[in-house]
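Notes for the one structure printed next.
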Amino acid sequence: KGRKQWYQRRVRDFQHYYITNNLRMTFVARNDRIAVGDTVIVRREGTLEPLVIKPDAQYQLTAGLFRHNDIVGKPFGSKMYSHNKKFSITLLAPTPELWTLALPHRTQILYASDISLVCLM
């Protein structure tokens, strides 16, 4: 009973993360150009970060500002410079590999019995 409750809690936390952050995974049906509502993987200084494109929103960094309206219509894989032209980011399409690298990771202890439950599902 304890393991089942633990697993249900983990699934609930996982679903809560996607709902609260309004992240949509668009691996299958995707256009070549970025549109409002798309999830974009932003590469900056060697780090990857998911970003949901919203109208009239901004992506603020210490090195510059990126407006979502300027991102809309650009092809995936393009490089975009900040408003002061001193900093750039790369806008990547979300693939399963990039999505795994972009999500925040937390340390967790895994026991053999827990791993076997996940493998059987």
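Residue numbering restarts at 1 in every chain; chains get A, B, ... in the order shown in the structure tokens, and ligands count up from 1 in that same order.
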Find the residues of segment 43-90 of chain A that sit at most 10 Å from segment 103-118 of chain A; for each, write down the nearest two atoms and how far apart they are in Å, to one decimal. Count only C-alpha atoms. Sort by chain, then by number going up, and give it as a tab-separated table.
```
residue	atom	partner	partner_atom	distance
A:Leu48	CA	A:Leu103	CA	8.2
A:Glu49	CA	A:Leu103	CA	7.1
A:Pro50	CA	A:Leu103	CA	7.4
```
Which neighbours of segment 32-34 of chain A fall inside 7 Å, counting only C-alpha atoms, when residues of the same chain fewer than 6 positions from it are skipped, and could you give them as a ChimeraX atom specification?
/A:72-76
Selection to disk with C-alpha atoms, as an mmCIF file, in the first residue's frame:
```cif
data_model
loop_
_atom_site.group_PDB
_atom_site.id
_atom_site.type_symbol
_atom_site.label_atom_id
_atom_site.label_comp_id
_atom_site.auth_asym_id
_atom_site.auth_seq_id
_atom_site.Cartn_x
_atom_site.Cartn_y
_atom_site.Cartn_z
ATOM 1 C CA VAL A 72 7.171 34.353 -33.251
ATOM 2 C CA GLY A 73 7.701 33.503 -36.919
ATOM 3 C CA LYS A 74 11.387 32.592 -36.622
ATOM 4 C CA PRO A 75 12.415 29.105 -37.735
ATOM 5 C CA PHE A 76 13.526 26.577 -35.136
#
```
Using only C-alpha atoms, which residues sit within 12 Å of Glu45 of chain A once same-chain residues fewer than 3 positions away are excluded, as a PyMOL selection string?
chain A and resi 42+48-49+61+63+87-90
Go ahead and save the picked residues with C-alpha atoms, as a short mmCIF file (atom, residue, chain, number, x, y, z; two decimals), in the first residue's frame.
```
data_model
loop_
_atom_site.label_atom_id
_atom_site.label_comp_id
_atom_site.auth_asym_id
_atom_site.auth_seq_id
_atom_site.Cartn_x
_atom_site.Cartn_y
_atom_site.Cartn_z
CA VAL A 42 16.32 28.05 -25.35
CA LEU A 48 19.01 24.56 -21.93
CA GLU A 49 15.69 25.91 -20.69
CA LEU A 61 18.13 37.69 -18.59
CA ALA A 63 22.58 40.10 -20.26
CA PHE A 87 23.94 38.54 -26.11
CA SER A 88 22.42 35.73 -28.16
CA ILE A 89 20.28 32.65 -27.62
CA THR A 90 19.48 29.73 -29.92
#
```
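Each of A:Ala102, A:Asn31, A:Arg3, A:Asn84 was checked against Leu51 of chain A using only C-alpha atoms; the smallest atom-to-atom distance is that of A:Ala102.
Rounded to one decimal, atom CA of Glu97 of chain A and atom CA of Tyr81 of chain A lie 24.9 Å from each other.
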Among chain A, which ones does DSSP assign to strand (DSSP E or B) (computed from the backbone)? Answer as a short mmCIF file (atom, residue, chain, number, x, y, z; two decimals) with all heavy atoms, in the first residue's frame.
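Saved file part-v3.cif follows:
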```cif
data_model
loop_
_atom_site.label_atom_id
_atom_site.label_comp_id
_atom_site.auth_asym_id
_atom_site.auth_seq_id
_atom_site.Cartn_x
_atom_site.Cartn_y
_atom_site.Cartn_z
N ARG A 33 8.20 26.84 -38.18
CA ARG A 33 8.34 28.17 -37.58
C ARG A 33 7.67 28.21 -36.21
O ARG A 33 6.71 27.49 -35.95
CB ARG A 33 7.74 29.22 -38.49
CG ARG A 33 8.40 29.23 -39.85
CD ARG A 33 8.42 30.62 -40.43
NE ARG A 33 9.19 30.64 -41.65
CZ ARG A 33 10.40 31.17 -41.75
NH1 ARG A 33 10.96 31.70 -40.69
NH2 ARG A 33 11.04 31.18 -42.89
N THR A 39 6.25 25.42 -27.34
CA THR A 39 7.34 25.31 -26.37
C THR A 39 8.64 25.29 -27.13
O THR A 39 8.81 24.52 -28.07
CB THR A 39 7.20 24.02 -25.55
OG1 THR A 39 5.94 24.05 -24.86
CG2 THR A 39 8.30 23.91 -24.51
N VAL A 40 9.55 26.16 -26.74
CA VAL A 40 10.85 26.30 -27.40
C VAL A 40 11.92 25.98 -26.36
O VAL A 40 11.82 26.38 -25.21
CB VAL A 40 11.04 27.73 -27.93
CG1 VAL A 40 12.40 27.91 -28.55
CG2 VAL A 40 9.96 28.08 -28.92
N ILE A 41 12.95 25.25 -26.77
CA ILE A 41 14.10 25.02 -25.90
C ILE A 41 15.10 26.12 -26.20
O ILE A 41 15.59 26.25 -27.31
CB ILE A 41 14.72 23.63 -26.15
CG1 ILE A 41 13.69 22.53 -25.99
CG2 ILE A 41 15.91 23.41 -25.24
CD1 ILE A 41 13.13 22.37 -24.60
N VAL A 42 15.39 26.93 -25.20
CA VAL A 42 16.32 28.05 -25.35
C VAL A 42 17.70 27.60 -24.89
O VAL A 42 17.88 27.13 -23.77
CB VAL A 42 15.86 29.26 -24.50
CG1 VAL A 42 16.86 30.39 -24.59
CG2 VAL A 42 14.49 29.73 -24.97
N ARG A 43 18.68 27.73 -25.78
CA ARG A 43 20.07 27.41 -25.44
C ARG A 43 20.82 28.72 -25.24
O ARG A 43 20.88 29.56 -26.13
CB ARG A 43 20.73 26.61 -26.55
CG ARG A 43 22.14 26.21 -26.22
CD ARG A 43 22.75 25.39 -27.34
NE ARG A 43 24.08 25.00 -27.02
CZ ARG A 43 25.17 25.74 -27.27
NH1 ARG A 43 25.05 26.90 -27.87
NH2 ARG A 43 26.36 25.31 -26.95
N ARG A 44 21.38 28.85 -24.04
CA ARG A 44 22.17 30.05 -23.73
C ARG A 44 23.34 29.65 -22.86
O ARG A 44 23.18 28.93 -21.88
CB ARG A 44 21.33 31.11 -23.03
CG ARG A 44 20.74 30.65 -21.72
CD ARG A 44 19.92 31.75 -21.06
NE ARG A 44 19.36 31.28 -19.83
CZ ARG A 44 19.94 31.41 -18.65
NH1 ARG A 44 21.10 32.01 -18.54
NH2 ARG A 44 19.38 30.94 -17.56
N THR A 47 23.51 26.19 -21.37
CA THR A 47 22.38 25.66 -20.62
C THR A 47 21.15 25.61 -21.51
O THR A 47 21.02 26.39 -22.46
CB THR A 47 22.07 26.51 -19.38
OG1 THR A 47 21.72 27.83 -19.80
CG2 THR A 47 23.25 26.58 -18.45
N LEU A 48 20.26 24.70 -21.20
CA LEU A 48 19.01 24.56 -21.93
C LEU A 48 17.85 24.84 -20.99
O LEU A 48 17.88 24.45 -19.83
CB LEU A 48 18.88 23.14 -22.49
CG LEU A 48 19.95 22.70 -23.48
CD1 LEU A 48 19.82 21.22 -23.77
CD2 LEU A 48 19.85 23.50 -24.76
N GLU A 49 16.83 25.52 -21.52
CA GLU A 49 15.69 25.91 -20.69
C GLU A 49 14.42 25.92 -21.54
O GLU A 49 14.41 26.49 -22.62
CB GLU A 49 15.94 27.31 -20.13
CG GLU A 49 14.93 27.78 -19.15
CD GLU A 49 15.33 29.14 -18.57
OE1 GLU A 49 16.50 29.53 -18.66
OE2 GLU A 49 14.43 29.80 -18.06
N PRO A 50 13.32 25.28 -21.06
CA PRO A 50 12.06 25.33 -21.82
C PRO A 50 11.39 26.69 -21.67
O PRO A 50 11.44 27.30 -20.60
CB PRO A 50 11.22 24.21 -21.21
CG PRO A 50 11.77 24.00 -19.86
CD PRO A 50 13.21 24.40 -19.90
N LEU A 51 10.78 27.15 -22.74
CA LEU A 51 10.11 28.45 -22.74
C LEU A 51 8.83 28.34 -23.56
O LEU A 51 8.87 27.89 -24.71
CB LEU A 51 11.03 29.52 -23.35
CG LEU A 51 10.47 30.92 -23.53
CD1 LEU A 51 10.25 31.58 -22.17
CD2 LEU A 51 11.41 31.76 -24.37
N VAL A 52 7.71 28.72 -22.98
CA VAL A 52 6.43 28.74 -23.68
C VAL A 52 6.23 30.13 -24.26
O VAL A 52 6.30 31.13 -23.53
CB VAL A 52 5.27 28.37 -22.74
CG1 VAL A 52 3.94 28.45 -23.48
CG2 VAL A 52 5.46 26.98 -22.17
N GLN A 58 7.94 38.64 -22.23
CA GLN A 58 9.37 38.88 -22.38
C GLN A 58 10.16 37.79 -21.67
O GLN A 58 9.72 37.25 -20.66
CB GLN A 58 9.77 40.23 -21.78
CG GLN A 58 9.12 41.41 -22.44
CD GLN A 58 9.47 42.71 -21.74
OE1 GLN A 58 10.05 42.72 -20.67
NE2 GLN A 58 9.10 43.81 -22.36
N TYR A 59 11.31 37.47 -22.21
CA TYR A 59 12.26 36.53 -21.61
C TYR A 59 13.43 37.38 -21.15
O TYR A 59 14.21 37.87 -21.95
CB TYR A 59 12.68 35.48 -22.64
CG TYR A 59 13.65 34.46 -22.14
CD1 TYR A 59 13.35 33.63 -21.06
CD2 TYR A 59 14.88 34.28 -22.76
CE1 TYR A 59 14.25 32.68 -20.62
CE2 TYR A 59 15.78 33.34 -22.34
CZ TYR A 59 15.46 32.54 -21.26
OH TYR A 59 16.35 31.59 -20.83
N GLN A 60 13.53 37.58 -19.84
CA GLN A 60 14.49 38.53 -19.27
C GLN A 60 15.70 37.78 -18.72
O GLN A 60 15.55 36.83 -17.95
CB GLN A 60 13.83 39.31 -18.14
CG GLN A 60 14.71 40.34 -17.50
CD GLN A 60 14.61 41.67 -18.18
OE1 GLN A 60 13.56 42.03 -18.66
NE2 GLN A 60 15.69 42.40 -18.22
N LEU A 61 16.88 38.21 -19.12
CA LEU A 61 18.13 37.69 -18.59
C LEU A 61 18.97 38.86 -18.10
O LEU A 61 18.69 40.01 -18.43
CB LEU A 61 18.91 36.94 -19.68
CG LEU A 61 18.22 35.72 -20.28
CD1 LEU A 61 19.00 35.23 -21.49
CD2 LEU A 61 18.11 34.64 -19.24
N GLY A 64 20.38 40.61 -21.19
CA GLY A 64 19.53 41.21 -22.20
C GLY A 64 18.08 40.79 -22.10
O GLY A 64 17.69 40.00 -21.25
N LEU A 65 17.29 41.34 -23.01
CA LEU A 65 15.86 41.13 -23.04
C LEU A 65 15.47 40.56 -24.40
O LEU A 65 15.94 41.04 -25.44
CB LEU A 65 15.15 42.48 -22.82
CG LEU A 65 13.65 42.51 -23.00
CD1 LEU A 65 12.98 41.86 -21.81
CD2 LEU A 65 13.19 43.95 -23.13
N PHE A 66 14.59 39.56 -24.38
CA PHE A 66 14.10 38.94 -25.61
C PHE A 66 12.58 38.99 -25.57
O PHE A 66 11.96 38.46 -24.65
CB PHE A 66 14.58 37.49 -25.72
CG PHE A 66 16.07 37.36 -25.74
CD1 PHE A 66 16.77 37.20 -24.56
CD2 PHE A 66 16.76 37.41 -26.93
CE1 PHE A 66 18.15 37.07 -24.58
CE2 PHE A 66 18.13 37.29 -26.95
CZ PHE A 66 18.83 37.12 -25.77
N ARG A 67 11.98 39.62 -26.56
CA ARG A 67 10.52 39.74 -26.62
C ARG A 67 9.93 38.55 -27.37
O ARG A 67 10.44 38.16 -28.42
CB ARG A 67 10.13 41.05 -27.30
CG ARG A 67 10.49 42.25 -26.46
CD ARG A 67 10.07 43.55 -27.13
NE ARG A 67 10.39 44.67 -26.28
CZ ARG A 67 11.58 45.28 -26.25
NH1 ARG A 67 12.54 44.85 -27.04
NH2 ARG A 67 11.78 46.30 -25.45
N PRO A 75 12.30 30.56 -37.61
CA PRO A 75 12.41 29.10 -37.74
C PRO A 75 13.15 28.51 -36.52
O PRO A 75 13.97 29.18 -35.90
CB PRO A 75 13.23 28.92 -39.02
CG PRO A 75 13.96 30.19 -39.20
CD PRO A 75 13.12 31.27 -38.58
N LYS A 79 19.27 31.77 -34.44
CA LYS A 79 19.94 32.50 -33.37
C LYS A 79 19.29 33.87 -33.25
O LYS A 79 19.01 34.51 -34.26
CB LYS A 79 21.42 32.65 -33.71
CG LYS A 79 22.28 33.15 -32.59
CD LYS A 79 23.73 33.19 -33.03
CE LYS A 79 24.58 32.55 -31.98
NZ LYS A 79 25.99 32.62 -32.30
N MET A 80 19.06 34.30 -32.02
CA MET A 80 18.40 35.59 -31.80
C MET A 80 19.25 36.42 -30.85
O MET A 80 19.73 35.92 -29.84
CB MET A 80 17.01 35.37 -31.21
CG MET A 80 16.23 36.61 -31.01
SD MET A 80 14.58 36.22 -30.44
CE MET A 80 13.98 37.86 -30.17
N TYR A 81 19.41 37.69 -31.18
CA TYR A 81 20.21 38.59 -30.34
C TYR A 81 19.30 39.42 -29.46
O TYR A 81 18.16 39.72 -29.80
CB TYR A 81 21.08 39.50 -31.22
CG TYR A 81 22.20 38.74 -31.88
CD1 TYR A 81 22.04 38.21 -33.15
CD2 TYR A 81 23.39 38.54 -31.23
CE1 TYR A 81 23.04 37.49 -33.76
CE2 TYR A 81 24.42 37.83 -31.83
CZ TYR A 81 24.24 37.31 -33.08
OH TYR A 81 25.25 36.59 -33.67
N SER A 88 23.26 36.49 -27.24
CA SER A 88 22.42 35.73 -28.16
C SER A 88 21.94 34.44 -27.51
O SER A 88 22.57 33.91 -26.59
CB SER A 88 23.19 35.40 -29.43
OG SER A 88 24.23 34.50 -29.15
N ILE A 89 20.82 33.94 -28.01
CA ILE A 89 20.28 32.65 -27.62
C ILE A 89 19.97 31.88 -28.90
O ILE A 89 19.82 32.47 -29.97
CB ILE A 89 19.00 32.77 -26.76
CG1 ILE A 89 17.89 33.54 -27.50
CG2 ILE A 89 19.31 33.40 -25.42
CD1 ILE A 89 16.56 33.56 -26.78
N THR A 90 19.87 30.56 -28.80
CA THR A 90 19.48 29.73 -29.92
C THR A 90 18.12 29.12 -29.59
O THR A 90 17.92 28.60 -28.50
CB THR A 90 20.51 28.62 -30.16
OG1 THR A 90 21.80 29.22 -30.31
CG2 THR A 90 20.19 27.84 -31.42
N LEU A 91 17.19 29.19 -30.53
CA LEU A 91 15.83 28.71 -30.34
C LEU A 91 15.72 27.32 -30.98
O LEU A 91 15.72 27.20 -32.20
CB LEU A 91 14.83 29.67 -30.99
CG LEU A 91 14.98 31.13 -30.54
CD1 LEU A 91 14.17 32.04 -31.43
CD2 LEU A 91 14.56 31.26 -29.09
N LEU A 92 15.62 26.29 -30.15
CA LEU A 92 15.62 24.91 -30.63
C LEU A 92 14.24 24.28 -30.52
O LEU A 92 13.47 24.62 -29.63
CB LEU A 92 16.62 24.08 -29.82
CG LEU A 92 18.06 24.57 -29.84
CD1 LEU A 92 18.90 23.79 -28.85
CD2 LEU A 92 18.63 24.47 -31.23
#
```
Option closest in space to Asp38 of chain A, from A:Ala57, A:Trp99, A:Gly2, A:Pro94 [counting only C-alpha atoms]
A:Pro94
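Between atom CA of Leu101 of chain A and atom CA of Asp70 of chain A the separation is 25.3 Å.
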Could you jot down the atom CA of Asp56 of chain A to atom CA of His68 of chain A separation for me, Å, one decimal place?
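Atom CA of His68 of chain A lies 6.3 Å from atom CA of Asp56 of chain A.
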Would you please give, as a VMD selection string, all residues of chain A that DSSP assigns to alpha helix (DSSP H) based on the backbone?
chain A and resid 2 to 20 68 to 71 96 to 102 112 to 120
Store the residues picked out above in a file with N, CA and C atoms, as a CSV table (one decimal), in the first residue's frame.
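Result file is out.csv:
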```csv
chain,number,residue,atom,x,y,z
A,2,GLY,N,2.0,1.2,0.7
A,2,GLY,CA,2.8,2.4,0.8
A,2,GLY,C,3.5,2.8,-0.5
A,3,ARG,N,3.9,1.7,-1.3
A,3,ARG,CA,4.5,2.0,-2.6
A,3,ARG,C,3.5,2.5,-3.6
A,4,LYS,N,2.3,2.1,-3.5
A,4,LYS,CA,1.3,2.6,-4.4
A,4,LYS,C,1.0,4.0,-4.2
A,5,GLN,N,0.9,4.4,-2.9
A,5,GLN,CA,0.6,5.8,-2.5
A,5,GLN,C,1.8,6.7,-3.0
A,6,TRP,N,3.1,6.1,-2.8
A,6,TRP,CA,4.3,6.9,-3.2
A,6,TRP,C,4.2,7.1,-4.7
A,7,TYR,N,3.9,6.1,-5.5
A,7,TYR,CA,3.8,6.2,-6.9
A,7,TYR,C,2.8,7.2,-7.4
A,8,GLN,N,1.6,7.1,-6.8
A,8,GLN,CA,0.5,8.0,-7.1
A,8,GLN,C,0.9,9.5,-6.8
A,9,ARG,N,1.6,9.7,-5.7
A,9,ARG,CA,2.1,11.0,-5.3
A,9,ARG,C,3.1,11.6,-6.4
A,10,ARG,N,4.0,10.7,-6.8
A,10,ARG,CA,5.0,11.1,-7.8
A,10,ARG,C,4.3,11.5,-9.1
A,11,VAL,N,3.3,10.7,-9.6
A,11,VAL,CA,2.6,11.0,-10.8
A,11,VAL,C,1.8,12.3,-10.6
A,12,ARG,N,1.2,12.5,-9.5
A,12,ARG,CA,0.5,13.8,-9.3
A,12,ARG,C,1.4,15.0,-9.3
A,13,ASP,N,2.6,14.8,-8.7
A,13,ASP,CA,3.6,15.9,-8.7
A,13,ASP,C,4.1,16.2,-10.1
A,14,PHE,N,4.3,15.1,-10.9
A,14,PHE,CA,4.7,15.3,-12.3
A,14,PHE,C,3.7,16.0,-13.1
A,15,GLN,N,2.4,15.7,-13.0
A,15,GLN,CA,1.3,16.3,-13.7
A,15,GLN,C,1.2,17.8,-13.2
A,16,HIS,N,1.3,18.0,-11.9
A,16,HIS,CA,1.2,19.4,-11.4
A,16,HIS,C,2.3,20.3,-12.0
A,17,TYR,N,3.5,19.7,-12.2
A,17,TYR,CA,4.6,20.5,-12.7
A,17,TYR,C,4.3,21.0,-14.1
A,18,TYR,N,3.7,20.1,-15.0
A,18,TYR,CA,3.4,20.5,-16.3
A,18,TYR,C,2.2,21.5,-16.4
A,19,ILE,N,1.2,21.3,-15.5
A,19,ILE,CA,0.0,22.1,-15.5
A,19,ILE,C,0.3,23.5,-15.0
A,20,THR,N,1.1,23.6,-13.9
A,20,THR,CA,1.4,25.0,-13.4
A,20,THR,C,2.3,25.7,-14.3
A,68,HIS,N,8.9,38.0,-26.8
A,68,HIS,CA,8.2,36.8,-27.4
A,68,HIS,C,7.7,37.2,-28.8
A,69,ASN,N,7.2,38.4,-29.0
A,69,ASN,CA,6.6,38.8,-30.3
A,69,ASN,C,7.7,38.8,-31.4
A,70,ASP,N,9.0,39.0,-31.0
A,70,ASP,CA,10.1,38.9,-31.9
A,70,ASP,C,10.5,37.5,-32.3
A,71,ILE,N,10.2,36.6,-31.3
A,71,ILE,CA,10.5,35.2,-31.5
A,71,ILE,C,9.5,34.5,-32.5
A,96,PRO,N,12.7,14.8,-27.7
A,96,PRO,CA,12.7,14.1,-26.4
A,96,PRO,C,14.1,14.2,-25.7
A,97,GLU,N,15.2,14.2,-26.5
A,97,GLU,CA,16.5,14.3,-26.0
A,97,GLU,C,16.7,15.7,-25.3
A,98,LEU,N,16.4,16.7,-26.1
A,98,LEU,CA,16.6,18.1,-25.5
A,98,LEU,C,15.6,18.3,-24.3
A,99,TRP,N,14.4,17.8,-24.4
A,99,TRP,CA,13.5,18.0,-23.3
A,99,TRP,C,14.0,17.4,-22.0
A,100,THR,N,14.6,16.2,-22.1
A,100,THR,CA,15.2,15.5,-21.0
A,100,THR,C,16.4,16.4,-20.4
A,101,LEU,N,17.2,16.9,-21.2
A,101,LEU,CA,18.3,17.8,-20.7
A,101,LEU,C,17.8,19.1,-20.2
A,102,ALA,N,16.7,19.6,-20.7
A,102,ALA,CA,16.2,21.0,-20.3
A,102,ALA,C,15.5,21.0,-19.0
A,112,ALA,N,15.9,-0.8,-5.7
A,112,ALA,CA,15.7,-1.9,-6.7
A,112,ALA,C,14.2,-2.2,-6.8
A,113,SER,N,13.5,-2.2,-5.7
A,113,SER,CA,12.0,-2.5,-5.8
A,113,SER,C,11.2,-1.4,-6.5
A,114,ASP,N,11.6,-0.2,-6.3
A,114,ASP,CA,11.0,0.9,-7.0
A,114,ASP,C,11.3,0.9,-8.5
A,115,ILE,N,12.5,0.6,-8.9
A,115,ILE,CA,12.9,0.5,-10.3
A,115,ILE,C,12.2,-0.6,-11.0
A,116,SER,N,12.0,-1.8,-10.3
A,116,SER,CA,11.3,-2.9,-10.9
A,116,SER,C,9.8,-2.5,-11.1
A,117,LEU,N,9.2,-1.7,-10.3
A,117,LEU,CA,7.8,-1.3,-10.5
A,117,LEU,C,7.7,-0.4,-11.7
A,118,VAL,N,8.7,0.5,-11.9
A,118,VAL,CA,8.6,1.3,-13.1
A,118,VAL,C,8.9,0.5,-14.4
A,119,CYS,N,9.8,-0.5,-14.3
A,119,CYS,CA,10.1,-1.3,-15.5
A,119,CYS,C,8.9,-2.2,-15.9
A,120,LEU,N,8.1,-2.6,-15.0
A,120,LEU,CA,7.0,-3.4,-15.3
A,120,LEU,C,5.8,-2.7,-15.9
```
